[in-house]
Each structure stands twice: as structure tokens, then as C-alpha cells.
Amino acid sequence: MLLSIGSLSLFAQKQNLYIIYIGDSITAGAGLSDPDTQAPPVIASAYLQKQDSVGAVEFSNQGHSGFTTVDFLPSGIPFSKVEDAANTFKDKPGLLIFSIMLGTNDSAIKGPNGAPVAPGTYSNNFKAIIDRLVTDYPKCKVIIHRPIWYSPNTYNGAKYLLEGLNRLQSYFPATGKLVKDYAGTNKGQVFIGDTQAFLILKENSPSVYQAENGHQGIFYLHPNETGAAALGTYWAKAIYKIISSN
């Protein structure tokens, strides 16, 4: 799904942004009444469009329910679709950005592809994805957002529970180290994005989540419209801070 926001008639000093959002059902906007207007990538792109130094903002939502870092490895079809989307932007003047939030499904006890994914494997998968992106798009920026909190009784078609939530949080230092490594090999290209939404959405739960029926009662995994708007805004603020200072 490709969308365009804003006019292509721009002042010379404004920078066009082309953003590929890579993620799972949360990125896709699962459970929202109108993902095409409410999903986090839509909110993030609209926020960025309003910034004075930003010109046109075009984006592709490559969020897929149930997907893990395993699904997005460069050998698979989902990654080829990411690159198909990126290729529609690569010859346009501006900055190509890959905005990634993955880990929720990796952290599950069972169910999603490859789950449970150990922190080391999670980091290795991310490295494989990023290595290909920076090779194929050497002027791009890759921004990794921290996955968001889910309730410790989360158990739908996949089994997460407290074990999964703990594993999810073990990914945070793994991605931090990975980004530090890229600072030595690909300076100014790979960054940690949002780190705030995990705690903010947790503190405001359940009001910012959809109440879903599971095997261990009502659980909270997918943001509702309010939560999705908050998440998209946190992504956008992180993206804007990075592109404004690098």
C-alpha cells in the first residue's frame, strides 16, 4: 500500500522524505476501524509533513500480522516487497528512510515464524536485514524503534505471556549494541528511534489498547486509535530528531 501526503511543489530548502515502515500487525494497524487513516505509519507521516523543513512525504506500510525478523530476512518474499516499495522512491530527490519496529512476535513462546527468537538471533536477523538495506540503498537511513509493551497474559493464536514480555525487553540492549556497531562501519546511517512508547503506553494501559479476548482472559496487545496515534507520533518525533541532526 503506497500513499502520498502533501504537495510536490516545494521550496528548495525543504527535504522530501520517502519512508518504508517495516513491522507486524501493530504497524499494519490491526483491529483499527480504518487502518488507512489510523495506523501508526499514517500518523507518523502526517506529523512529519507538518514540519517546516520537510517537503513531500511519501510512504509504504509494510506491516504484516504475525511477522517476525525471520519473515523479513533478505531471502524472503516480504523483504523483496520492501525493496519493491523502496525502488519506487529511489530515483526521487530526497531521503529514503526505513522505519522498523519488530520483536513482538519474535518474543512469543510459540506461534509466529521462528518464535521464540533468542536475543542473539534477533540481533543477527536485524543485522542481515540492515546489511542488505544499506548495501542496496547506500544513502538511506535505517531507524529501529523499540517494540511496545503488551500485557503479560497475552495469549491469542500465539502464546506470549510473561515469558514473552521478558524476552521482548531483552532485545532492547541487543539492538542498542547493534546500532553502536554500525556507528563504526556505517556512520550516520543506522539509529535507534523511539524508546519512549513502550513505557508510556504501558503506563496508560488499558485505555490506549484494544481489549481482546484470549486464552487467559482479556489481554492488551494492539493499540486502539488513541494508542496508535500516540505510537505514530513517537515514531515521527524520533525520525525528525534523527534527520535534523544527521
# chains A, B, ... in the order shown; residues from 1 in each chain; ligands from 1
$ residues_around --residues "His215 (chain A)" --least-positions-apart "6" --cutoff "9 Å" --atoms "only C-alpha atoms" --output "PDB file with N, CA and C atoms, in the first residue's frame"
ATOM      1  N   ASN A 153      -0.530 -11.446  30.146  1.00  0.00           N
ATOM      2  CA  ASN A 153      -1.434 -12.574  29.918  1.00  0.00           C
ATOM      3  C   ASN A 153      -1.792 -12.707  28.441  1.00  0.00           C
ATOM      4  N   THR A 154      -1.033 -12.049  27.567  1.00  0.00           N
ATOM      5  CA  THR A 154      -1.333 -12.071  26.129  1.00  0.00           C
ATOM      6  C   THR A 154      -1.168 -13.476  25.565  1.00  0.00           C
ATOM      7  N   TYR A 155      -2.286 -13.983  25.021  1.00  0.00           N
ATOM      8  CA  TYR A 155      -2.305 -15.355  24.509  1.00  0.00           C
ATOM      9  C   TYR A 155      -3.501 -15.464  23.571  1.00  0.00           C
ATOM     10  N   ASN A 156      -3.240 -15.242  22.289  1.00  0.00           N
ATOM     11  CA  ASN A 156      -4.300 -15.399  21.288  1.00  0.00           C
ATOM     12  C   ASN A 156      -3.996 -16.624  20.448  1.00  0.00           C
ATOM     13  N   GLY A 157      -3.825 -16.475  19.137  1.00  0.00           N
ATOM     14  CA  GLY A 157      -3.383 -17.607  18.335  1.00  0.00           C
ATOM     15  C   GLY A 157      -1.940 -17.965  18.632  1.00  0.00           C
ATOM     16  N   LYS A 159       1.229 -17.644  21.711  1.00  0.00           N
ATOM     17  CA  LYS A 159       1.384 -17.634  23.167  1.00  0.00           C
ATOM     18  C   LYS A 159       2.553 -16.720  23.543  1.00  0.00           C
TER      19      LYS A 159
END
$ residues_around --residues "Ile43 (chain A)" --least-positions-apart "5" --cutoff "7 Å" --atoms "only C-alpha atoms" --output "number ranges by chain"
A: 38, 229, 232-233
$ closest_atom_pairs --of "region 75-108 of chain A" --to "region 172-184 of chain A" --cutoff "12 Å" --atoms "only C-alpha atoms" --output "CSV"
residue,atom,partner,partner_atom,distance
A:Ile100,CA,A:Thr175,CA,11.6
A:Met101,CA,A:Thr175,CA,11.1
A:Leu102,CA,A:Thr175,CA,10.8
A:Gly103,CA,A:Phe172,CA,9.6
A:Thr104,CA,A:Phe172,CA,11.8
A:Ser107,CA,A:Phe172,CA,11.8
$ closest_atom_pairs --of "region 102-212 of chain A" --to "region 59-68 of chain A" --cutoff "10 Å" --atoms "only C-alpha atoms" --output "CSV"
residue,atom,partner,partner_atom,distance
A:Leu102,CA,A:Thr68,CA,6.4
A:Gly103,CA,A:Thr68,CA,6.4
A:Thr104,CA,A:Thr68,CA,7.6
A:Asn105,CA,A:Thr68,CA,5.5
A:Asp106,CA,A:Thr68,CA,5.2
A:Ser107,CA,A:Thr68,CA,8.9
A:Ala108,CA,A:Thr68,CA,9.9
A:Gly111,CA,A:Gly66,CA,8.6
A:Pro112,CA,A:Gly66,CA,5.8
A:Asn113,CA,A:Thr68,CA,6.4
A:Gly114,CA,A:Thr68,CA,7.4
A:Ala115,CA,A:Thr68,CA,8.0
A:Pro116,CA,A:Thr68,CA,9.9
A:Val117,CA,A:Thr68,CA,8.8
A:Tyr122,CA,A:Thr68,CA,9.2
A:Asn125,CA,A:Thr68,CA,9.5
A:Gly157,CA,A:Gly66,CA,9.6
A:Ala158,CA,A:Gly66,CA,8.7
$ atom_distance --atom1 "CA of Ile144 (chain A)" --atom2 "CA of Val190 (chain A)"
7.9 Å
$ select_by_dssp --residues "region 70-243 of chain A" --states "strand (DSSP E or B)" --output "ChimeraX atom specification"
/A:95-101,110,141-144,155,159,190-192,209-215,217-223
$ write_last_selection --atoms "C-alpha atoms" --output "short mmCIF file (atom, residue, chain, number, x, y, z; two decimals), in the first residue's frame"
data_model
loop_
_atom_site.label_atom_id
_atom_site.label_comp_id
_atom_site.auth_asym_id
_atom_site.auth_seq_id
_atom_site.Cartn_x
_atom_site.Cartn_y
_atom_site.Cartn_z
CA LEU A 95 15.85 10.98 1.79
CA LEU A 96 14.91 7.29 1.88
CA ILE A 97 14.16 6.03 5.39
CA PHE A 98 13.48 2.52 6.64
CA SER A 99 11.50 2.76 9.88
CA ILE A 100 11.42 -0.63 11.61
CA MET A 101 9.58 -1.97 14.64
CA LYS A 110 5.22 -20.25 20.31
CA LYS A 141 18.80 5.83 6.89
CA VAL A 142 17.60 2.87 8.97
CA ILE A 143 15.75 3.66 12.19
CA ILE A 144 14.88 0.93 14.70
CA TYR A 155 -2.31 -15.36 24.51
CA LYS A 159 1.38 -17.63 23.17
CA VAL A 190 21.65 3.32 11.40
CA PHE A 191 19.91 4.64 14.51
CA ILE A 192 17.77 3.77 17.49
CA TYR A 209 -5.12 -0.62 23.87
CA GLN A 210 -7.80 -2.74 22.29
CA ALA A 211 -9.35 -5.17 24.78
CA GLU A 212 -9.01 -8.61 23.19
CA ASN A 213 -10.31 -11.99 24.36
CA GLY A 214 -7.62 -14.63 24.82
CA HIS A 215 -6.92 -17.98 26.44
CA GLY A 217 -8.75 -13.55 29.71
CA ILE A 218 -8.79 -10.02 28.32
CA PHE A 219 -5.33 -9.04 27.07
CA TYR A 220 -3.75 -5.89 25.62
CA LEU A 221 -1.50 -6.17 22.60
CA HIS A 222 -2.71 -3.90 19.80
CA PRO A 223 -3.10 -0.15 20.34
#
$ select_by_dssp --residues "region 125-168 of chain A" --states "helix (DSSP H, G or I)" --output "PyMOL selection string"
chain A and resi 125-136+161-168
$ atom_distance --atom1 "CA of Ile19 (chain A)" --atom2 "CA of Lys81 (chain A)"
13.9 Å
$ closest_residue --among "A:Val70, A:Thr135, A:Tyr240, A:Tyr150" --to "Tyr47 (chain A)" --atoms "only C-alpha atoms"
A:Tyr240
$ atom_distance --atom1 "CA of Lys90 (chain A)" --atom2 "CA of Ile243 (chain A)"
17.4 Å
$ closest_residue --among "A:Ile129, A:Thr27, A:Gly188, A:Gln15" --to "Gly55 (chain A)" --atoms "only C-alpha atoms"
A:Gln15
$ residues_around --residues "region 198-202 of chain A" --least-positions-apart "3" --cutoff "9 Å" --atoms "only C-alpha atoms" --output "PDB file with C-alpha atoms, in the first residue's frame"
ATOM      1  CA  ARG A 146      11.639  -0.200  20.369  1.00  0.00           C
ATOM      2  CA  PRO A 147       8.684  -2.648  20.323  1.00  0.00           C
ATOM      3  CA  ILE A 148       5.832  -1.682  22.630  1.00  0.00           C
ATOM      4  CA  TRP A 149       4.555  -3.255  25.837  1.00  0.00           C
ATOM      5  CA  TYR A 150       1.889  -5.942  25.881  1.00  0.00           C
ATOM      6  CA  SER A 151       0.059  -7.402  28.860  1.00  0.00           C
ATOM      7  CA  ASP A 194      11.659   5.731  19.591  1.00  0.00           C
ATOM      8  CA  THR A 195      12.338   4.302  23.056  1.00  0.00           C
ATOM      9  CA  SER A 205      -2.957   0.893  29.604  1.00  0.00           C
ATOM     10  CA  PRO A 206      -5.586  -0.320  29.179  1.00  0.00           C
ATOM     11  CA  SER A 207      -7.061   2.942  27.851  1.00  0.00           C
ATOM     12  CA  VAL A 208      -4.721   3.049  24.826  1.00  0.00           C
ATOM     13  CA  TYR A 209      -5.123  -0.618  23.869  1.00  0.00           C
ATOM     14  CA  PRO A 223      -3.100  -0.153  20.338  1.00  0.00           C
ATOM     15  CA  GLY A 227      -2.658   4.382  21.219  1.00  0.00           C
ATOM     16  CA  ALA A 230       0.493   8.154  20.193  1.00  0.00           C
ATOM     17  CA  LEU A 231       2.812   5.482  18.781  1.00  0.00           C
TER      18      LEU A 231
END
